[in-house]
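**Q** Following this message is one structure expressed as structure tokens.
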Amino acid sequence: MSTLERPLSVVVIADDEPDVLRLLLSRLRRRGYDVIAATDGHQALYAVRAHRPAAVVLDYVMPGLQGTKVCAMLKADPDTAHIPVLMLTSRSDETAVAAAFEHGADEYLTKPFDFDELDVVLRALIDRSC
Amino acid sequence: MRERRVLRPRARRRAAGPQRTYRLASSVRLPCALGLALLLMLALAIALLVGRTDGDPLAVPRALLDFHEAVARDGAQSVRRGVNEGVDDLEQLALVLSAARDSPDVGQRFAGLRTLGGLARAEGRSSRNGAGLTSVLRGVATAHGRYQAIYALAAERRVLAHVGGDPLPRALRPGPPYKAPGMQDAKPTSNRGAPLIQQYAPVTDRGRWPVTIVGHYDPRFMRFALEVAQPGDAWVVNRRGRVIGALGSAPRFGTLPREALRAAARRATGGASGAVVTGGSADRQEVVGYSPIAGPGPAGQFGWSVVTARTVTSLSLPQADARSHALLAGFALALIALITFGWIYVVVLRPLLILQGDAERLAYGDLSRNVQIVRYDEIGLIARSLERLRVSLIRRRVQAQSRESQHEPDP
């Protein structure tokens, strides 16, 4: 299925680095996603509860609520527990990866990442949750 | 709501497998190393064997020998004319000074040199005439540049004025007056052994020679006349085979560097000119040209000669060209081989070995460090896949631990 033929998926992306966030927004929008941006954990929580996206992409370290904390809160809420969460972070050590999965993350990608790979993983998460 | 139990990852484990020695050399490294070695050997073989003459001397055509004889002759004539011009310049200066006696205009032009009598009476630089003469000599030295020193000698060999280096002691010894322009044979200076050519021109005054202008011709100036021999070497030697001028470095009053050159110089001293091929193997072969410096003027009277030499491999001979091309091809092949295999090692082999180490680490359960992803090519894709594998393994372990903790009975 081409990018234009795919149904529009709403995705919330939370990252405190403006450059990374801007890049993610433009690239994922070009690939057919309807992207909602958040710059910290509280914004991310609000955006997910308000829009009920198809997937959430969270940075690990963010001001306010950390990515893992946001993930745990989403998974603890029955209304949002079904939404798949992808951790997208520069932390690649075993402790961080394990902690993310322990908090309920569904996938984990380390920076630097490839947008094709991000697209494939996101698409797989969305398809799996449907 | 059931509280999520945070599980700690298991303690980092070292690779538990046996320390195996991998025979990677047989599949990856060995072919690369062998290929590089073979290509380097091929390059060496091309450089050494193609265009090789088996040590036999290269055949130099007669026309090339004639050309090098002509080069030696041209060089000899250029040297002769150049050295003679040195004497001519001094003679012209002497004529002008002679004319200064009778013509006030000429005298005015040369800063107050009124009469030859006044010139001869001048007491060094302090006098008006001595200072004026120094100025004239400096003008000549600056204009021509071929003199190491110029000075004016009174009849009793007293220095009236000089510019440049000091007069030679032997020039100041009493002796008969210089009655006509000329020069002396090249002799070594006492201190450094460098050759020196003394030229002179007397100033005449009603049948007398009260003042003589003496110049030390700079032998380094001969290099301009010898440039015709480039890109080879060239020397000017005196009758005894001593070097008095050379192309390039400043000459020393020594012998020529090789016996073949000395033999050529001896033939030239005997009045012959020609060109011969010397040396045995092609690498040592030289075309040696020689010609006597003979002809009108004082420089042609001392039995000097010009000897030129040029390596045969630098000539445009078919065999020499083939040899040069073979060397170039061998060098190019070696360079290409080194660049290609260097690139293969840096871009393919080394990253593969690093990935192999990462894969083995993951296989033995060490998930502590990530797989470095630094590229976006095929190797990078493998690295990404390995990193995904590592993340998946961590996830499975976390899930397994979570299931285990859920099934444990509460104490």
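Order determines the names: the first chain of the structure tokens is A, the second B, and so forth; residues in each chain are numbered 1 upward, and ligands are numbered 1 upward as they are shown.
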Per DSSP on the backbone, filter chain A down to the residues in strand (DSSP E or B) and report them as an MDAnalysis selection string.

**A** chainID A and resid 9:14 33:38 55:58 85:89 107:110

**Q** For chain A against chain B, which residues fall within 7 Å using only C-alpha atoms, given as a PyMOL selection string?

**A** chain A and resi 92-95+97-98+101-102+108

**Q** Could you tell me how far atom CA of Val277 of chain B sits from atom CA of Val60 of chain B, in Å to one decimal place?

**A** 7.6 Å

**Q** Can you pull out the residues contacting segment 75-87 of chain A? Cut-off 9 Å, using only C-alpha atoms, and skip same-chain residues under 3 positions away; I want them as a VMD selection string.

**A** (chain A and resid 48 to 49 52 to 60 67 to 68 70 to 72 97 100 103 to 110 121 to 122 125 to 126 128 to 129) or (chain B and resid 1 to 4)

**Q** Can you pull out the residues contacting segment 199-212 of chain B? Cut-off 6 Å, using only C-alpha atoms, and skip same-chain residues under 3 positions away; I want them as a ChimeraX atom specification.

**A** /B:87,90-91,94,98,152-155,178,181-183,215

**Q** If you count only C-alpha atoms, which residues fall within 8 Å of segment 342-350 of chain B, apart from same-chain ones fewer than 3 positions away, as a PDB file with N, CA and C atoms, in the first residue's frame?

**A**
```
ATOM      1  N   VAL B  28      37.751 -14.792   4.653  1.00  0.00           N
ATOM      2  CA  VAL B  28      37.652 -13.367   4.363  1.00  0.00           C
ATOM      3  C   VAL B  28      39.030 -12.713   4.285  1.00  0.00           C
ATOM      4  N   ARG B  29      39.748 -12.874   5.400  1.00  0.00           N
ATOM      5  CA  ARG B  29      41.025 -12.171   5.449  1.00  0.00           C
ATOM      6  C   ARG B  29      42.035 -12.742   4.477  1.00  0.00           C
ATOM      7  N   LEU B 338      46.440  -1.025  -3.275  1.00  0.00           N
ATOM      8  CA  LEU B 338      46.454  -0.601  -1.873  1.00  0.00           C
ATOM      9  C   LEU B 338      45.178   0.157  -1.525  1.00  0.00           C
ATOM     10  N   ILE B 339      44.757   1.044  -2.431  1.00  0.00           N
ATOM     11  CA  ILE B 339      43.548   1.824  -2.157  1.00  0.00           C
ATOM     12  C   ILE B 339      42.325   0.896  -2.106  1.00  0.00           C
ATOM     13  N   LEU B 353      33.878  -7.591  11.080  1.00  0.00           N
ATOM     14  CA  LEU B 353      34.475  -8.222  12.259  1.00  0.00           C
ATOM     15  C   LEU B 353      33.876  -7.655  13.541  1.00  0.00           C
ATOM     16  N   ILE B 354      33.601  -6.338  13.519  1.00  0.00           N
ATOM     17  CA  ILE B 354      32.976  -5.726  14.704  1.00  0.00           C
ATOM     18  C   ILE B 354      31.565  -6.298  14.895  1.00  0.00           C
ATOM     19  N   ILE B 379      25.898  -2.745   5.624  1.00  0.00           N
ATOM     20  CA  ILE B 379      26.488  -3.064   6.931  1.00  0.00           C
ATOM     21  C   ILE B 379      25.658  -2.419   8.036  1.00  0.00           C
TER      22      ILE B 379
END
```

**Q** Using only C-alpha atoms, which protein or nucleic acid residues come within 9 Å of Ala70 of chain B? Drop anything in the same chain fewer than 5 positions from it, and give the result as a short mmCIF file (atom, residue, chain, number, x, y, z; two decimals) with N, CA and C atoms, in the first residue's frame.

**A**
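File selection.cif, as written:
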```
data_model
loop_
_atom_site.label_atom_id
_atom_site.label_comp_id
_atom_site.auth_asym_id
_atom_site.auth_seq_id
_atom_site.Cartn_x
_atom_site.Cartn_y
_atom_site.Cartn_z
N LEU B 65 73.55 11.11 -30.55
CA LEU B 65 74.95 11.43 -30.19
C LEU B 65 75.37 12.73 -30.86
N GLY B 75 77.45 24.82 -25.79
CA GLY B 75 77.81 25.22 -24.44
C GLY B 75 79.21 25.83 -24.40
N SER B 273 85.98 17.09 -30.31
CA SER B 273 84.63 17.20 -29.76
C SER B 273 83.84 15.98 -30.22
N GLY B 274 82.87 15.61 -29.45
CA GLY B 274 82.08 14.43 -29.79
C GLY B 274 81.13 14.07 -28.69
N ALA B 275 80.55 12.90 -28.81
CA ALA B 275 79.63 12.38 -27.79
C ALA B 275 79.75 10.86 -27.77
N GLY B 289 78.85 14.28 -23.74
CA GLY B 289 79.30 15.14 -24.84
C GLY B 289 80.49 15.96 -24.39
N SER B 291 83.49 19.12 -25.74
CA SER B 291 83.94 20.04 -26.78
C SER B 291 84.95 21.00 -26.17
#
```

**Q** Which of these, B:Leu362, B:Val159, B:Leu36, B:Ala149, has the shortest distance to Arg173 of chain B once you count only C-alpha atoms?

**A**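 Residue with the minimum atom-to-atom distance to Arg173 of chain B: B:Val159.
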